[in-house]
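Student: work.txt (compact mmCIF, C-alpha atoms and all ligand atoms) pasted underneath:
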# COMPACT_ATOMS: atom_id res chain seq x y z
CA MET A 1 15.22 3.77 -23.91
CA GLU A 2 16.57 7.08 -22.71
CA LYS A 3 18.77 7.33 -19.68
CA GLY A 4 17.10 8.03 -16.39
CA ASN A 5 13.50 7.80 -17.52
CA VAL A 6 12.64 4.99 -15.14
CA ILE A 7 10.69 6.03 -12.04
CA ILE A 8 12.30 4.48 -8.98
CA LEU A 9 9.84 3.21 -6.42
CA ASP A 10 11.03 2.42 -2.89
CA GLY A 11 11.74 -1.02 -1.43
CA GLY A 12 10.27 -3.03 1.41
CA MET A 13 9.49 -1.74 4.88
CA GLY A 14 8.88 -4.82 7.06
CA HIS A 15 12.24 -6.51 6.71
CA GLU A 16 14.00 -3.19 7.21
CA LEU A 17 12.09 -2.49 10.42
CA LYS A 18 13.12 -5.89 11.67
CA ARG A 19 16.75 -5.18 10.78
CA ARG A 20 16.54 -2.01 12.85
CA GLY A 21 15.34 -3.78 15.92
CA ILE A 22 11.58 -3.49 15.69
CA SER A 23 10.18 -6.78 16.85
CA ASP A 24 11.87 -9.97 15.82
CA ASP A 25 9.25 -12.19 17.37
CA GLY A 26 7.46 -13.15 14.19
CA THR A 27 4.88 -10.38 14.27
CA PHE A 28 4.08 -8.53 11.12
CA VAL A 29 6.62 -5.78 11.63
CA ALA A 30 5.24 -3.39 9.03
CA GLY A 31 2.64 -2.61 11.65
CA ALA A 32 5.25 -0.72 13.64
CA LEU A 33 3.95 2.67 12.65
CA ALA A 34 0.43 1.70 13.49
CA ASN A 35 1.26 0.25 16.85
CA GLU A 36 1.11 2.89 19.60
CA LYS A 37 4.21 1.36 21.12
CA TYR A 38 6.19 2.78 18.23
CA SER A 39 4.14 5.83 17.37
CA THR A 40 6.68 8.24 18.81
CA SER A 41 9.58 6.51 17.12
CA ASP A 42 10.98 8.07 13.97
CA ILE A 43 12.13 4.74 12.60
CA VAL A 44 9.56 4.57 9.78
CA GLU A 45 10.39 8.12 8.75
CA ASN A 46 14.10 7.26 8.77
CA ILE A 47 13.54 4.28 6.50
CA HIS A 48 11.55 6.45 4.08
CA MET A 49 14.42 8.97 4.16
CA ASP A 50 16.99 6.25 3.47
CA TYR A 51 15.01 5.18 0.41
CA LEU A 52 14.88 8.79 -0.78
CA ALA A 53 18.63 9.18 -0.23
CA ALA A 54 19.12 5.91 -2.14
CA GLY A 55 17.60 7.60 -5.18
CA CYS A 56 13.94 6.57 -4.99
CA ASP A 57 11.43 8.97 -6.54
CA VAL A 58 8.35 7.49 -4.90
CA ILE A 59 7.85 6.27 -1.34
CA THR A 60 4.91 4.12 -0.35
CA THR A 61 2.87 4.75 2.79
CA ASN A 62 3.47 2.18 5.51
CA SER A 63 -0.22 1.34 5.67
CA PHE A 64 -0.31 -2.14 4.20
CA VAL A 65 -1.74 -3.37 7.50
CA ALA A 66 -4.45 -0.74 7.75
CA VAL A 67 -7.55 -2.68 6.81
CA SER A 68 -10.82 -2.55 8.65
CA ILE A 69 -12.78 -5.61 9.68
CA PHE A 70 -13.71 -7.45 6.59
CA LYS A 71 -17.21 -8.83 6.29
CA THR A 72 -18.05 -12.00 4.50
CA SER A 73 -20.50 -14.81 4.50
CA THR A 74 -18.48 -17.28 2.47
CA SER A 75 -18.31 -20.54 4.38
CA SER A 76 -15.00 -21.74 2.92
CA ILE A 77 -13.37 -18.79 4.59
CA ASP A 78 -13.83 -20.28 8.05
CA ALA A 79 -11.69 -23.27 7.19
CA LEU A 80 -8.89 -21.19 5.85
CA ASN A 81 -9.10 -18.81 8.78
CA MET A 82 -8.35 -21.70 11.05
CA LEU A 83 -5.44 -22.69 8.89
CA LEU A 84 -4.04 -19.19 9.04
CA ASN A 85 -4.96 -18.52 12.66
CA CYS A 86 -7.34 -15.74 11.76
CA ILE A 87 -9.96 -14.73 14.26
CA THR A 88 -13.44 -15.34 13.00
CA LEU A 89 -16.23 -13.49 14.72
CA ARG A 90 -18.68 -16.17 13.84
CA ASN A 91 -21.88 -14.47 14.84
CA GLU A 92 -21.15 -11.42 12.79
CA LYS A 93 -19.58 -13.31 9.91
CA SER A 94 -16.64 -10.97 10.01
CA GLN A 95 -12.95 -11.57 10.05
CA VAL A 96 -9.96 -9.59 11.09
CA PRO A 97 -6.98 -10.02 8.80
CA ARG A 98 -4.14 -11.81 10.55
CA ARG A 99 -1.80 -8.90 10.05
CA MET A 100 -4.10 -6.62 12.07
CA ILE A 101 -4.14 -9.10 14.93
CA GLU A 102 -0.39 -9.58 14.92
CA CYS A 103 0.13 -5.85 15.08
CA GLY A 104 -2.17 -5.57 18.05
CA LEU A 105 -4.71 -3.76 15.91
CA ALA A 106 -7.67 -6.08 16.12
CA THR A 107 -10.61 -3.97 17.09
CA THR A 108 -14.35 -4.12 17.31
CA ASP A 109 -16.51 -3.91 14.25
CA ALA A 110 -17.93 -0.55 15.28
CA ASP A 111 -14.70 1.38 15.26
CA SER A 112 -12.69 -0.62 12.75
CA LYS A 113 -13.19 1.78 9.87
CA GLN A 114 -12.16 4.76 11.93
CA ARG A 115 -9.14 2.82 13.17
CA ALA A 116 -8.04 1.97 9.63
CA SER A 117 -8.44 5.62 8.59
CA GLN A 118 -6.35 6.86 11.51
CA LEU A 119 -3.55 4.46 10.64
CA ILE A 120 -3.56 5.56 7.02
CA ILE A 121 -3.51 9.25 7.96
CA ALA A 122 -0.53 8.62 10.26
CA ALA A 123 1.30 6.70 7.53
CA VAL A 124 0.81 9.47 4.96
CA ALA A 125 2.03 12.05 7.47
CA ARG A 126 5.20 10.04 8.05
CA ALA A 127 5.90 9.80 4.33
CA ARG A 128 5.31 13.53 3.79
CA ALA A 129 7.54 14.41 6.74
CA ALA A 130 10.31 12.22 5.32
CA ILE A 131 10.13 14.00 1.96
CA ALA A 132 10.21 17.42 3.63
CA LYS A 133 13.31 16.45 5.62
CA HIS A 134 14.97 14.93 2.57
CA ASN A 135 14.41 18.09 0.54
CA GLU A 136 15.87 20.13 3.37
CA ASN A 137 18.91 17.85 3.73
CA PHE A 138 19.54 17.42 0.00
CA PRO A 139 18.63 20.68 -1.77
CA GLU A 140 20.73 19.54 -4.72
CA ASP A 141 18.36 16.61 -5.35
CA LYS A 142 16.00 18.15 -7.88
CA ARG A 143 13.97 15.04 -8.73
CA LYS A 144 10.44 15.47 -7.46
CA LYS A 145 9.60 13.06 -4.65
CA LEU A 146 6.12 11.60 -4.49
CA VAL A 147 3.97 9.72 -1.99
CA ALA A 148 2.18 6.59 -3.17
CA GLY A 149 -0.77 5.60 -0.99
CA CYS A 150 -0.78 1.86 -0.45
CA VAL A 151 -4.01 0.08 -1.43
CA PRO A 152 -3.49 -3.47 -0.10
CA PRO A 153 -5.40 -6.71 -0.47
CA LEU A 154 -8.21 -6.78 2.13
CA THR A 155 -7.89 -10.39 3.17
CA GLU A 156 -4.89 -12.60 3.72
CA CYS A 157 -2.23 -11.92 1.07
CA TYR A 158 -1.81 -14.47 -1.72
CA PHE A 159 -4.94 -16.49 -0.92
CA SER A 160 -7.37 -15.53 -3.64
CA CYS A 161 -9.85 -18.10 -2.40
CA LYS A 162 -10.33 -15.91 0.68
CA VAL A 163 -11.57 -13.06 -1.46
CA PRO A 164 -15.37 -13.27 -1.73
CA LEU A 165 -16.78 -14.02 -5.15
CA SER A 166 -18.93 -10.92 -5.01
CA VAL A 167 -16.97 -7.79 -5.84
CA ASP A 168 -19.66 -5.78 -4.03
CA CYS A 169 -18.52 -7.27 -0.70
CA LEU A 170 -15.14 -5.62 -1.10
CA ILE A 171 -16.33 -2.14 -1.97
CA PRO A 172 -17.20 -0.71 1.49
CA GLU A 173 -13.70 -1.45 2.84
CA TYR A 174 -11.92 -0.19 -0.25
CA ARG A 175 -13.97 2.98 -0.08
CA VAL A 176 -12.62 3.64 3.43
CA ILE A 177 -9.02 3.16 2.33
CA LEU A 178 -9.31 5.09 -0.91
CA SER A 179 -11.33 7.99 0.54
CA THR A 180 -8.80 8.42 3.32
CA LEU A 181 -5.84 8.37 0.92
CA LEU A 182 -7.58 10.89 -1.33
CA GLU A 183 -8.33 13.18 1.59
CA CYS A 184 -4.63 13.02 2.46
CA ASN A 185 -3.83 14.11 -1.12
CA VAL A 186 -1.44 11.28 -1.95
CA ASP A 187 0.27 11.74 -5.31
CA ILE A 188 -0.31 8.18 -6.53
CA LEU A 189 -2.65 5.35 -5.55
CA LEU A 190 -0.64 2.12 -5.52
CA ALA A 191 -2.85 -0.97 -5.47
CA GLU A 192 -0.39 -3.78 -4.84
CA THR A 193 0.00 -7.49 -4.21
CA LEU A 194 -3.44 -8.15 -5.67
CA SER A 195 -4.00 -11.85 -6.26
CA THR A 196 -7.34 -11.74 -8.07
CA THR A 197 -9.14 -9.64 -10.63
CA ARG A 198 -11.98 -9.19 -8.12
CA GLU A 199 -9.82 -6.98 -5.91
CA ALA A 200 -8.83 -4.88 -8.90
CA HIS A 201 -12.42 -4.43 -10.05
CA ALA A 202 -13.52 -3.57 -6.52
CA ILE A 203 -10.86 -0.87 -6.34
CA LEU A 204 -11.92 0.60 -9.69
CA ARG A 205 -15.59 0.59 -8.75
CA SER A 206 -14.90 2.10 -5.34
CA LEU A 207 -12.90 4.88 -6.94
CA HIS A 208 -15.65 5.45 -9.47
CA TYR A 209 -18.17 5.78 -6.67
CA ILE A 210 -15.96 8.23 -4.77
CA HIS A 211 -15.34 10.22 -7.91
CA GLN A 212 -19.03 10.46 -8.71
CA THR A 213 -20.15 11.40 -5.24
CA GLY A 214 -17.27 13.48 -3.92
CA LYS A 215 -15.14 16.41 -4.81
CA ASN A 216 -11.91 14.46 -4.79
CA CYS A 217 -9.68 14.59 -7.82
CA ILE A 218 -8.28 11.12 -8.52
CA PRO A 219 -4.46 10.93 -8.81
CA PRO A 220 -2.75 8.37 -11.10
CA LEU A 221 -3.62 4.81 -10.15
CA TRP A 222 -1.04 2.03 -10.45
CA MET A 223 -2.21 -1.57 -10.12
CA SER A 224 0.16 -4.42 -9.41
CA PHE A 225 -0.49 -8.15 -9.13
CA THR A 226 1.32 -10.99 -7.43
CA VAL A 227 1.93 -13.95 -9.75
CA HIS A 228 2.91 -17.56 -9.13
CA ASP A 229 6.67 -17.78 -8.67
CA ASP A 230 6.67 -20.96 -10.72
CA GLN A 231 4.02 -19.96 -13.26
CA PRO A 232 4.37 -16.21 -13.77
CA SER A 233 1.82 -15.85 -16.55
CA LYS A 234 -0.87 -16.39 -13.93
CA LEU A 235 -1.97 -14.54 -10.83
CA ARG A 236 -1.99 -16.54 -7.60
CA SER A 237 -5.71 -17.06 -8.33
CA ASP A 238 -4.65 -18.90 -11.52
CA GLU A 239 -6.28 -16.20 -13.62
CA PRO A 240 -4.15 -15.33 -16.69
CA LEU A 241 -2.25 -12.08 -16.15
CA ASP A 242 -2.91 -10.80 -19.67
CA LEU A 243 -6.68 -11.29 -19.48
CA VAL A 244 -6.88 -9.72 -16.02
CA CYS A 245 -4.96 -6.65 -17.12
CA GLN A 246 -6.92 -6.36 -20.34
CA SER A 247 -10.12 -6.41 -18.35
CA ILE A 248 -9.06 -3.78 -15.80
CA LEU A 249 -7.68 -1.48 -18.50
CA HIS A 250 -11.02 -1.74 -20.25
CA GLU A 251 -12.99 -1.04 -17.10
CA ALA A 252 -10.81 1.93 -16.18
CA THR A 253 -11.45 3.39 -19.64
CA VAL A 254 -15.19 2.86 -19.34
CA LEU A 255 -15.27 4.42 -15.86
CA ASN A 256 -12.94 7.23 -16.95
CA LEU A 257 -10.40 6.50 -14.20
CA PRO A 258 -6.70 7.38 -14.49
CA LEU A 259 -5.19 3.88 -14.47
CA LYS A 260 -1.67 4.83 -15.49
CA ALA A 261 0.33 1.68 -14.77
CA VAL A 262 -0.12 -2.07 -14.47
CA GLY A 263 2.49 -4.35 -13.03
CA VAL A 264 3.71 -7.29 -11.02
CA ASN A 265 5.13 -7.37 -7.51
CA CYS A 266 5.63 -9.66 -4.52
CA SER A 267 6.96 -12.50 -6.65
CA THR A 268 10.52 -13.66 -7.33
CA PRO A 269 12.56 -11.42 -9.61
CA SER A 270 12.93 -14.24 -12.13
CA ALA A 271 9.14 -14.72 -12.20
CA ILE A 272 8.74 -10.99 -12.78
CA SER A 273 11.20 -11.15 -15.68
CA GLN A 274 8.91 -13.68 -17.30
CA ALA A 275 5.71 -11.74 -16.53
CA VAL A 276 6.66 -8.24 -17.68
CA PRO A 277 6.86 -8.99 -21.43
CA ILE A 278 3.19 -9.96 -21.22
CA LEU A 279 2.36 -6.53 -19.81
CA SER A 280 4.69 -4.59 -22.11
CA LYS A 281 2.96 -6.15 -25.09
CA LEU A 282 -0.44 -5.30 -23.67
CA VAL A 283 0.25 -1.59 -23.16
CA GLU A 284 2.36 -1.10 -26.29
CA GLY A 285 1.52 2.15 -28.06
CA SER A 286 -0.42 3.56 -25.10
CA ASP A 287 0.68 5.90 -22.31
CA ILE A 288 0.14 3.17 -19.69
CA LYS A 289 3.36 2.26 -17.89
CA VAL A 290 4.52 -1.13 -16.62
CA CYS A 291 5.75 -1.40 -13.04
CA ALA A 292 7.74 -4.19 -11.40
CA TYR A 293 9.08 -4.84 -7.91
CA GLY A 294 10.18 -8.22 -6.70
CA ASN A 295 10.85 -10.08 -3.49
CA CYS A 296 14.42 -10.61 -2.35
CA PHE A 297 13.98 -13.47 0.09
CA LYS A 298 15.56 -16.79 -0.81
CA THR A 299 12.39 -18.66 0.10
CA THR A 300 9.76 -17.89 -2.50
CA THR A 301 6.16 -17.12 -1.62
CA SER A 302 5.07 -20.28 -3.43
CA GLU A 303 7.43 -22.27 -1.20
CA TRP A 304 6.15 -20.51 1.92
CA ILE A 305 2.54 -21.23 0.99
CA LYS A 306 3.49 -24.86 0.46
CA THR A 307 4.75 -25.05 4.04
CA LEU A 308 1.38 -23.85 5.39
CA ASN A 309 -0.65 -26.65 4.00
CA ASP A 310 -0.35 -28.94 1.04
CA ASN A 311 -4.08 -28.65 0.55
CA ALA A 312 -4.21 -24.87 0.50
CA CYS A 313 -6.09 -23.50 -2.43
CA THR A 314 -3.01 -22.41 -4.32
CA ALA A 315 -0.95 -24.02 -7.01
CA VAL A 316 1.32 -26.94 -6.32
CA LEU A 317 4.93 -25.92 -5.88
CA ARG A 318 7.33 -26.52 -8.71
CA THR A 319 10.94 -25.72 -8.06
CA ASP A 320 11.92 -25.03 -11.63
CA VAL A 321 13.36 -21.61 -10.87
CA GLU A 322 17.08 -21.94 -10.45
CA ILE A 323 18.55 -20.34 -7.38
CA CYS A 324 22.20 -19.44 -7.49
CA ALA A 325 23.77 -19.47 -4.00
CA LYS A 326 26.25 -16.69 -4.69
CA ASP A 327 23.37 -14.30 -5.41
CA TYR A 328 22.22 -14.44 -1.80
CA ASP A 329 23.61 -12.82 1.29
CA GLU A 330 22.00 -13.60 4.68
CA GLU A 331 19.11 -15.30 2.83
CA VAL A 332 18.42 -12.11 0.87
CA LEU A 333 19.26 -11.47 -2.77
CA THR A 334 22.35 -9.26 -3.11
CA SER A 335 21.99 -5.68 -4.31
CA ASP A 336 24.02 -6.41 -7.43
CA ALA A 337 21.91 -9.41 -8.34
CA TYR A 338 18.72 -7.41 -7.80
CA SER A 339 19.91 -4.46 -9.86
CA ASN A 340 20.75 -6.86 -12.71
CA PHE A 341 17.11 -7.89 -12.68
CA ALA A 342 16.04 -4.22 -12.63
CA CYS A 343 18.13 -3.52 -15.74
CA GLU A 344 16.61 -6.54 -17.43
CA TRP A 345 13.10 -5.23 -16.61
CA ALA A 346 13.99 -1.77 -17.96
CA ARG A 347 15.14 -3.42 -21.19
CA LEU A 348 11.81 -5.25 -21.31
CA GLY A 349 9.93 -1.96 -21.20
CA VAL A 350 9.30 -1.50 -17.47
CA SER A 351 9.37 2.15 -16.47
CA ILE A 352 8.50 1.98 -12.76
CA ILE A 353 10.87 -0.21 -10.74
CA GLY A 354 11.05 -0.78 -7.00
CA GLY A 355 11.66 -3.51 -4.43
CA CYS A 356 9.21 -5.70 -2.51
CA CYS A 357 9.60 -8.04 0.49
CA GLY A 358 13.16 -8.36 1.74
CA SER A 359 14.52 -5.48 -0.33
CA ARG A 360 16.44 -2.76 1.51
CA PRO A 361 17.68 0.77 0.76
CA ARG A 362 20.96 -0.70 -0.48
CA HIS A 363 19.06 -2.66 -3.13
CA MET A 364 17.33 0.48 -4.33
CA SER A 365 20.59 2.42 -4.28
CA SER A 366 22.11 -0.19 -6.63
CA VAL A 367 19.02 -0.08 -8.82
CA ALA A 368 19.02 3.73 -8.99
CA THR A 369 22.73 3.80 -9.85
CA ALA A 370 22.42 1.06 -12.46
CA LEU A 371 19.41 2.68 -14.11
CA LYS A 372 20.96 6.12 -14.11
CA ASP A 373 23.73 4.76 -16.30
CA PHE A 374 21.39 2.59 -18.24
CA GLY A 375 21.13 3.34 -21.88
ZN ZN A 401 6.42 -8.70 -1.42
Mind turning this structure into structure tokens?
Ligand SMILES: [Zn+2]
Tutor:
Amino acid sequence: MEKGNVIILDGGMGHELKRRGISDDGTFVAGALANEKYSTSDIVENIHMDYLAAGCDVITTNSFVAVSIFKTSTSSIDALNMLLNCITLRNEKSQVPRRMIECGLATTDADSKQRASQLIIAAVARARAAIAKHNENFPEDKRKKLVAGCVPPLTECYFSCKVPLSVDCLIPEYRVILSTLLECNVDILLAETLSTTREAHAILRSLHYIHQTGKNCIPPLWMSFTVHDDQPSKLRSDEPLDLVCQSILHEATVLNLPLKAVGVNCSTPSAISQAVPILSKLVEGSDIKVCAYGNCFKTTTSEWIKTLNDNACTAVLRTDVEICAKDYDEEVLTSDAYSNFACEWARLGVSIIGGCCGSRPRHMSSVATALKDFG
């Protein structure tokens, strides 16, 4: 591959906010922007700017938490809500994702959509402001900086069994998120940490609806899935990654939507190394890119899920991924170790590389430097 043709996506936000003193009490810190308590703080903007200074080309809106009340009538959801301490508004068969509650964002059904939209608009504004300041501070940096609008899972992350079987149930909420991001003119739509094909199809159908009924032009869409750390050829729903991606690529073609990248994120770097060849093979010969961004925490998501409940609806943990102690610093993968993974992904055909949970600007700085010299 040619030098410097990898697009560098930014790294994580939550861990970095925590490092900078925003809430260390176990709350979901990525909600800092959304929480009024921090709305006058420039900390989110500063983190975006640090990622830009580290060499990132794309920064992602800090709106992962901005999801409106999610309606469902699936009975199994109540049991898992209790497990995960979600609030269930039983009469209305609605649920508020735990991350909204932890950020102090739980709201009534009536204004939840407006609330989610406001949070997204604020997050896009912060990202745009960071790019403007970066361009002012570093006029010599000629690489174009872009804003990716985050399109998150609607229910609890990783638990595909919480996602209703009917894709139609997901569409109203995704339409709120996507319409708002489109009105804010984001440069890229980044659907991330998806654990089932249903979420992906709901996003495609929502976009199709918006495209047909509105005047919005649809920017490039990137879709990224979270895979089992110990079985990376499968999503956390156990669906095979290759079949899921084949199916969404087909649907995007049928619906004439600009799906420009498929990828894996929010899994261990070693799991991602095993998953990306599957995607590279799938998109070979097309103009579809592969994206990859991994978690840097020592504890894997599969291990964390295991601690919640042995009977949770996810795969049984297998600790067959070797962890080398010297690669970790304060329970987080070192920048050098992470950039080695990034180079491996680039060799495997990945052309969009970032960082997920636990990654920091220093990780992305190492990645940007390593990939600049990569050839
Ligand atoms: Zn992650």
Student: If you count all atoms listed in the file, which residues end up within 9 Å of ligand ZN 401 (chain A), as a PDB file with C-alpha atoms, keeping the file's coordinate frame?
Tutor:
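The new file pocket_9.pdb reads:
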ATOM      1  CA  GLY A  12      10.270  -3.030   1.410  1.00  0.00           C
ATOM      2  CA  THR A 193       0.000  -7.490  -4.210  1.00  0.00           C
ATOM      3  CA  THR A 226       1.320 -10.990  -7.430  1.00  0.00           C
ATOM      4  CA  ASN A 265       5.130  -7.370  -7.510  1.00  0.00           C
ATOM      5  CA  CYS A 266       5.630  -9.660  -4.520  1.00  0.00           C
ATOM      6  CA  SER A 267       6.960 -12.500  -6.650  1.00  0.00           C
ATOM      7  CA  THR A 268      10.520 -13.660  -7.330  1.00  0.00           C
ATOM      8  CA  TYR A 293       9.080  -4.840  -7.910  1.00  0.00           C
ATOM      9  CA  GLY A 294      10.180  -8.220  -6.700  1.00  0.00           C
ATOM     10  CA  ASN A 295      10.850 -10.080  -3.490  1.00  0.00           C
ATOM     11  CA  CYS A 296      14.420 -10.610  -2.350  1.00  0.00           C
ATOM     12  CA  THR A 301       6.160 -17.120  -1.620  1.00  0.00           C
ATOM     13  CA  GLY A 355      11.660  -3.510  -4.430  1.00  0.00           C
ATOM     14  CA  CYS A 356       9.210  -5.700  -2.510  1.00  0.00           C
ATOM     15  CA  CYS A 357       9.600  -8.040   0.490  1.00  0.00           C
ATOM     16  CA  GLY A 358      13.160  -8.360   1.740  1.00  0.00           C
ATOM     17  CA  SER A 359      14.520  -5.480  -0.330  1.00  0.00           C
TER      18      SER A 359
END
Student: Atom CA of Thr196 of chain A and atom CA of Ser237 of chain A, how far apart in Å?
Tutor: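 These two atoms are separated by 5.6 Å.
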Student: Residues at most 6 Å from segment 248-262 of chain A, counting only C-alpha atoms, excluding those fewer than 5 positions away in the same chain, as a PyMOL selection string?
Tutor: chain A and resi 220-224+288-290
Student: What gap, in Å, lies between atom CA of Val186 of chain A and atom CA of Gly149 of chain A?
Tutor: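 We find that atom CA of Val186 of chain A and atom CA of Gly149 of chain A lie 5.8 Å from each other.
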Student: Atom CA of Leu348 of chain A to atom CA of Lys372 of chain A: how many Å, to one decimal?
Tutor: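 These two atoms are separated by 16.3 Å.
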Student: Can you list, as number ranges by chain, every protein, DNA or RNA residue that comes within 9 Å of Ser335 of chain A when you count only C-alpha atoms, leaving out same-chain residues fewer than 4 positions away?
Tutor: A: 327, 339-340, 359-360, 362-367
Student: With all atoms listed in the file as the counted atoms, please give the residues lying no more than 12 Å from Asn185 of chain A, apart from itself and same-chain residues fewer than 4 positions off, as a PyMOL selection string.
Tutor: chain A and resi 120-121+124-125+127-128+146-149+178-181+189+216-220
Student: Which is closer to Ala292 of chain A than all the others in A:Ile8, A:Thr197, A:Asp187, A:Ala337, using all atoms listed in the file?
Tutor: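 The answer is A:Ile8, which sits nearest to Ala292 of chain A.
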Student: What's the 12 Å shell around Thr213 of chain A, counting all atoms listed in the file, without same-chain residues fewer than 5 positions away, as an MDAnalysis selection string?
Tutor: chainID A and resid 175 179 206:208
Student: Quick one: of A:Lys298, A:Lys142, A:Lys306, A:His134, who's nearest to Asn46 of chain A, counting all atoms listed in the file?
Tutor: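 Closest to Asn46 of chain A, using all atoms listed in the file: A:His134.
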Student: Using all atoms listed in the file, pick whichever of A:Lys281, A:Arg20, A:Arg115, A:His201 has the shortest atom-to-atom distance to Ile177 of chain A.
Tutor: A:Arg115
Student: Using all atoms listed in the file, which of A:Asn62, A:Gln118, A:Asn137, A:Ser233 sits nearest Pro152 of chain A?
Tutor: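 Closest residue, counting all atoms listed in the file: A:Asn62.
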Student: For Cys184 of chain A, which of A:Gln274, A:Ser117, A:Thr334, A:Ser286 is the closest residue, counting all atoms listed in the file?
Tutor: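 Going through A:Gln274, A:Ser117, A:Thr334, A:Ser286 one by one, the smallest distance to Cys184 of chain A is for A:Ser117.
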Student: Check the smallest atom-to-atom distance from each of A:Ser160, A:Leu241, A:Ser195, A:Ser273 to Glu344 of chain A using only C-alpha atoms, then report the winner.
Tutor: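 Looking only at the distances to Glu344 of chain A, the closest residue turns out to be A:Ser273.
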Student: Go ahead and find all residues with at least one atom no further than 10 Å from (-2.5, -7.5, 2.5) in the file's coordinates, using all atoms listed in the file; report them as a list in words.
Tutor: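 Final list of nearby residues, as requested, is Ser63, Phe64, Val65, Ala66, Val67, Pro97, Arg98, Arg99, Met100, Cys150, Val151, Pro152, Pro153, Leu154, Thr155, Glu156, Cys157, Tyr158, Phe159, Glu192, Thr193, Leu194 and Ser195 of chain A.
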Student: Skip Lys234 of chain A itself and residues of its chain fewer than 2 positions away, then list as a count of residues only all residues within 12 Å of it, counting all atoms listed in the file.
Tutor: 33
